[in-house]
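Worksheet: the structure to be examined is printed underneath.
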Amino acid sequence: MKAVVLVGGEGTRLRPLTLSRPKQMLPIVGVPMIERVLTHLGRHGIDEAVLSLGYLPDAFMGAYPSGIVSGVQVVYAVEPEPRDTAGAIRFAADYAGIEETFVVVNGDVLTDLDLTRLIAFHRERGAQGTISLHPVPDPSSFGVVPTREDGSVVEFVEKPSRDEAPTNQINAGTYVLEPSVLERIPKGRRVSIERETFPHLAKDGRLFALSDDSYWLDTGTPAAYMQAHRDYLAGRRGSSEPVSGSRRVEGNVWISGSASLEGDVNGDCWLGEGASVAEGATVESSVVGPRSRVEAGAVVKNSILLEDVRVAPNASVDDSILGSGSTVGERCDVRGLSIVGAGVVLPSGTVTDGERIPG
């Protein structure tokens with residue numbers, strides 16, 4: 001079975017991390033997000049995925065030149081210009097020659113959805129389109145989908161106010177579609193599946209939805225991106241081993257390969273290949289990416305360090321994200337969900353609180 005994976009967005013909410021690479025190529029505990037997504041699809045019988053690309057497409061093609069990602073054959077469909085969700089789906093499906101029932105997923109959503117069950121439900125209902133739903137406490141930032149008893153969609157309400165939302169069941173970003181839906185999407189222009197295609201399907205009684213309360217996370221914000229790491233490390237998502245080949249050294253501290261741990265490391269942590277925590281340093285509930293160094297006297301808490309990061313002696317990093325190749329100088333204080341971009345060097349003594357510092 002084939003899937004279209006939407007990965008064309010610019011990831012503006014995660015800037016400056018996404019200035020140099022697409023958000024789906026950002027790691028979640030050392031593994032690119034796109035690999036996490038495709039691993040899940042492969043477990044449910046997806047053997048070919050069309051990546052609908054727009055922003056920095058070479059990042060994907062360069063990383064996976066063989067066209068195999070997590071055991072799934074991938075096809076690269078690069079949009080000539082942004083076409084919104086439905087337009088991107090039609091472009092990718094046409095490019096790959098999809099002529100049978102297929103799946104669509106958002107490439108920045110991590111989920112343990114029972115996709116096999118969703119596909120079976122779609123076929124049982126004879127639907128043209130089926131949406132996976134997920135319950136949330138506040139649906140005002142999402143598309144809300146009230147349904148009838150048989151699962152048919154009453155209407156598709158995009159981002160209602162909290163008080164006016166007819167249900168807390170939101171569009172979870174995974175769809176099963178028939179090829180006939182593609183004919184409903186005009187070619188060559190921007191078309192929103194949420195605002196245009198789905199409402200028309202619902203009006204014709206051909207759109208169904210099924211709720212699933214398993215793990216689900218939209219990783220598009222800095223806070224959610226950090227939450228994704230915590231969920232893997234705590235075993236709330238995926239296997240008990242956050243990265244294949246990692247080994248547990250104490251408590252819930254995991255290290256890969258030649259990582260060096262001499263300092264005090266506690267809480268849910270992962271050290272990537274070649275990473276090091278020096279004697280006298282403290283790391284708590286954090287990810288220290290491959291070849292990153294936390295030097296003597298430095299303290300890193302509740303933070304994500306990507307690849308090749310240096311945290312200099314006596315610096316402090318709390319509740320923040322450090323981009324690839326960045327350096328936090330001696331006695332720096334980085335806190336409050338600050339994001340330091342790739343290659344940035346913070347001079348000694350710099351204080352950042354909730355700032356975004358581009359490379």
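Note on naming: chains are A, B, ... as they come in the structure tokens, residues start from 1 per chain, ligands start from 1 in the order shown.
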
Check: Taking the backbone alone, and naming residues the way the document does, which bits of stretch 113-216 of chain A are strand (DSSP E) by DSSP, as JSON, numbers by chain?
Finding: {"A": [129, 130, 131, 132, 133, 134, 135, 143, 144, 157, 158, 169, 170, 171, 172, 173, 174, 175, 176, 177, 207, 208, 209, 210, 211, 216]}

I need the residues from that last selection saved to file as a PDB file, in the first residue's frame (with C-alpha atoms), if you can.
```pdb
ATOM      1  CA  GLY A 129     -12.221   9.623   2.547  1.00  0.00           C
ATOM      2  CA  THR A 130     -11.644   8.710   6.195  1.00  0.00           C
ATOM      3  CA  ILE A 131     -10.018  10.896   8.827  1.00  0.00           C
ATOM      4  CA  SER A 132      -8.311   9.765  11.996  1.00  0.00           C
ATOM      5  CA  LEU A 133      -9.549  11.758  14.987  1.00  0.00           C
ATOM      6  CA  HIS A 134      -7.885  12.395  18.322  1.00  0.00           C
ATOM      7  CA  PRO A 135      -9.458  13.853  21.506  1.00  0.00           C
ATOM      8  CA  GLY A 143      -9.779  21.207  12.691  1.00  0.00           C
ATOM      9  CA  VAL A 144     -12.735  19.847  14.679  1.00  0.00           C
ATOM     10  CA  VAL A 157     -14.914  23.034  11.409  1.00  0.00           C
ATOM     11  CA  GLU A 158     -11.462  24.549  11.108  1.00  0.00           C
ATOM     12  CA  GLN A 169     -12.340  15.361  18.449  1.00  0.00           C
ATOM     13  CA  ILE A 170      -9.761  16.905  16.136  1.00  0.00           C
ATOM     14  CA  ASN A 171      -8.345  16.050  12.746  1.00  0.00           C
ATOM     15  CA  ALA A 172      -5.223  14.061  13.634  1.00  0.00           C
ATOM     16  CA  GLY A 173      -3.576  14.446  10.233  1.00  0.00           C
ATOM     17  CA  THR A 174      -3.840  10.860   8.980  1.00  0.00           C
ATOM     18  CA  TYR A 175      -6.260  10.081   6.150  1.00  0.00           C
ATOM     19  CA  VAL A 176      -7.291   7.108   4.029  1.00  0.00           C
ATOM     20  CA  LEU A 177      -8.385   8.254   0.573  1.00  0.00           C
ATOM     21  CA  LEU A 207     -16.419  11.398   4.432  1.00  0.00           C
ATOM     22  CA  PHE A 208     -16.039   9.281   7.579  1.00  0.00           C
ATOM     23  CA  ALA A 209     -13.920   9.544  10.703  1.00  0.00           C
ATOM     24  CA  LEU A 210     -12.688   7.238  13.444  1.00  0.00           C
ATOM     25  CA  SER A 211     -11.379   8.305  16.838  1.00  0.00           C
ATOM     26  CA  TRP A 216      -0.349  11.558  19.227  1.00  0.00           C
TER      27      TRP A 216
END
```

Each residue of stretch 179-288 of chain A with at least one atom at most 12 Å from stretch 311-331 of chain A should appear once, together with its nearest atom pair and the corresponding distance in Å (one decimal); atoms considered: only C-alpha atoms; ordering: chain, then increasing residue number; output as JSON lines.
```
{"residue": "A:Thr221", "atom": "CA", "partner": "A:Ile321", "partner_atom": "CA", "distance": 11.8}
{"residue": "A:Pro222", "atom": "CA", "partner": "A:Ile321", "partner_atom": "CA", "distance": 8.1}
{"residue": "A:Ala223", "atom": "CA", "partner": "A:Asp319", "partner_atom": "CA", "distance": 9.2}
{"residue": "A:Ala224", "atom": "CA", "partner": "A:Ile321", "partner_atom": "CA", "distance": 11.9}
{"residue": "A:Tyr225", "atom": "CA", "partner": "A:Ile321", "partner_atom": "CA", "distance": 9.5}
{"residue": "A:Met226", "atom": "CA", "partner": "A:Ile321", "partner_atom": "CA", "distance": 8.1}
{"residue": "A:Gln227", "atom": "CA", "partner": "A:Asp319", "partner_atom": "CA", "distance": 11.0}
{"residue": "A:His229", "atom": "CA", "partner": "A:Ile321", "partner_atom": "CA", "distance": 11.4}
{"residue": "A:Arg230", "atom": "CA", "partner": "A:Asp319", "partner_atom": "CA", "distance": 11.8}
{"residue": "A:Ala275", "atom": "CA", "partner": "A:Val311", "partner_atom": "CA", "distance": 11.6}
{"residue": "A:Ser276", "atom": "CA", "partner": "A:Val311", "partner_atom": "CA", "distance": 10.5}
{"residue": "A:Val277", "atom": "CA", "partner": "A:Val311", "partner_atom": "CA", "distance": 9.7}
{"residue": "A:Ala278", "atom": "CA", "partner": "A:Pro313", "partner_atom": "CA", "distance": 9.5}
{"residue": "A:Glu279", "atom": "CA", "partner": "A:Pro313", "partner_atom": "CA", "distance": 10.7}
{"residue": "A:Gly280", "atom": "CA", "partner": "A:Pro313", "partner_atom": "CA", "distance": 9.3}
{"residue": "A:Ala281", "atom": "CA", "partner": "A:Pro313", "partner_atom": "CA", "distance": 8.1}
{"residue": "A:Thr282", "atom": "CA", "partner": "A:Ser316", "partner_atom": "CA", "distance": 9.6}
{"residue": "A:Val283", "atom": "CA", "partner": "A:Val317", "partner_atom": "CA", "distance": 9.5}
{"residue": "A:Glu284", "atom": "CA", "partner": "A:Asp318", "partner_atom": "CA", "distance": 9.5}
{"residue": "A:Ser285", "atom": "CA", "partner": "A:Asp319", "partner_atom": "CA", "distance": 9.8}
{"residue": "A:Ser286", "atom": "CA", "partner": "A:Asp319", "partner_atom": "CA", "distance": 9.0}
{"residue": "A:Val287", "atom": "CA", "partner": "A:Ile321", "partner_atom": "CA", "distance": 9.6}
{"residue": "A:Val288", "atom": "CA", "partner": "A:Leu322", "partner_atom": "CA", "distance": 9.7}
```

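Here atom CA of A:Pro137 and atom CA of A:Thr219 stand 17.1 Å from one another.
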
Check: At what distance in Å, to one decimal, does atom CA of A:Leu6 lie from atom CA of A:Ala77?
Finding: 10.2 Å

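In this comparison, which uses only C-alpha atoms, the residue of A:Asp58, A:Asp47, A:Asp204, A:Asp94 approaching A:Pro179 most closely is A:Asp94.
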
Margin query: Can you pull out the residues contacting A:Val72? Cut-off 10 Å, using only C-alpha atoms, and skip same-chain residues under 2 positions away; I want them as number ranges by chain.
Written below: A: 2, 35, 38-39, 41-43, 45-49, 67-70, 74-75

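Comparing A:Ser180, A:Thr101, A:Ser192, A:Asn168 by their smallest distance to A:Gly87, the closest is A:Ser192 (using only C-alpha atoms).
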
Check: Which of stretch 12-179 of chain A counts as helix (DSSP H, G or I) under DSSP, as a PyMOL selection string please?
Finding: chain A and resi 12-14+17-19+23-25+33-43+57-63+84-96+115-125+139-141+162-164+179

Check: Which residue out of A:Val78, A:Val334, A:Ala342, A:Ala96 has the minimum interatomic distance to A:Glu355 when only C-alpha atoms are used?
Finding: A:Val334

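Computed from the coordinates, the atom CA of A:Thr111 to atom CA of A:Arg237 distance equals 8.1 Å.
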
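Of the residues listed (A:Val299, A:Val105, A:Leu233, A:Leu346), A:Val299 shows the shortest atom-to-atom separation from A:Val265; distances use only C-alpha atoms.
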
Notebook entry, point to check: Between A:Val249, A:Val145, A:Ala92, A:Cys269, which is the closest to A:Lys187 once you count only C-alpha atoms?
Noted result: A:Ala92
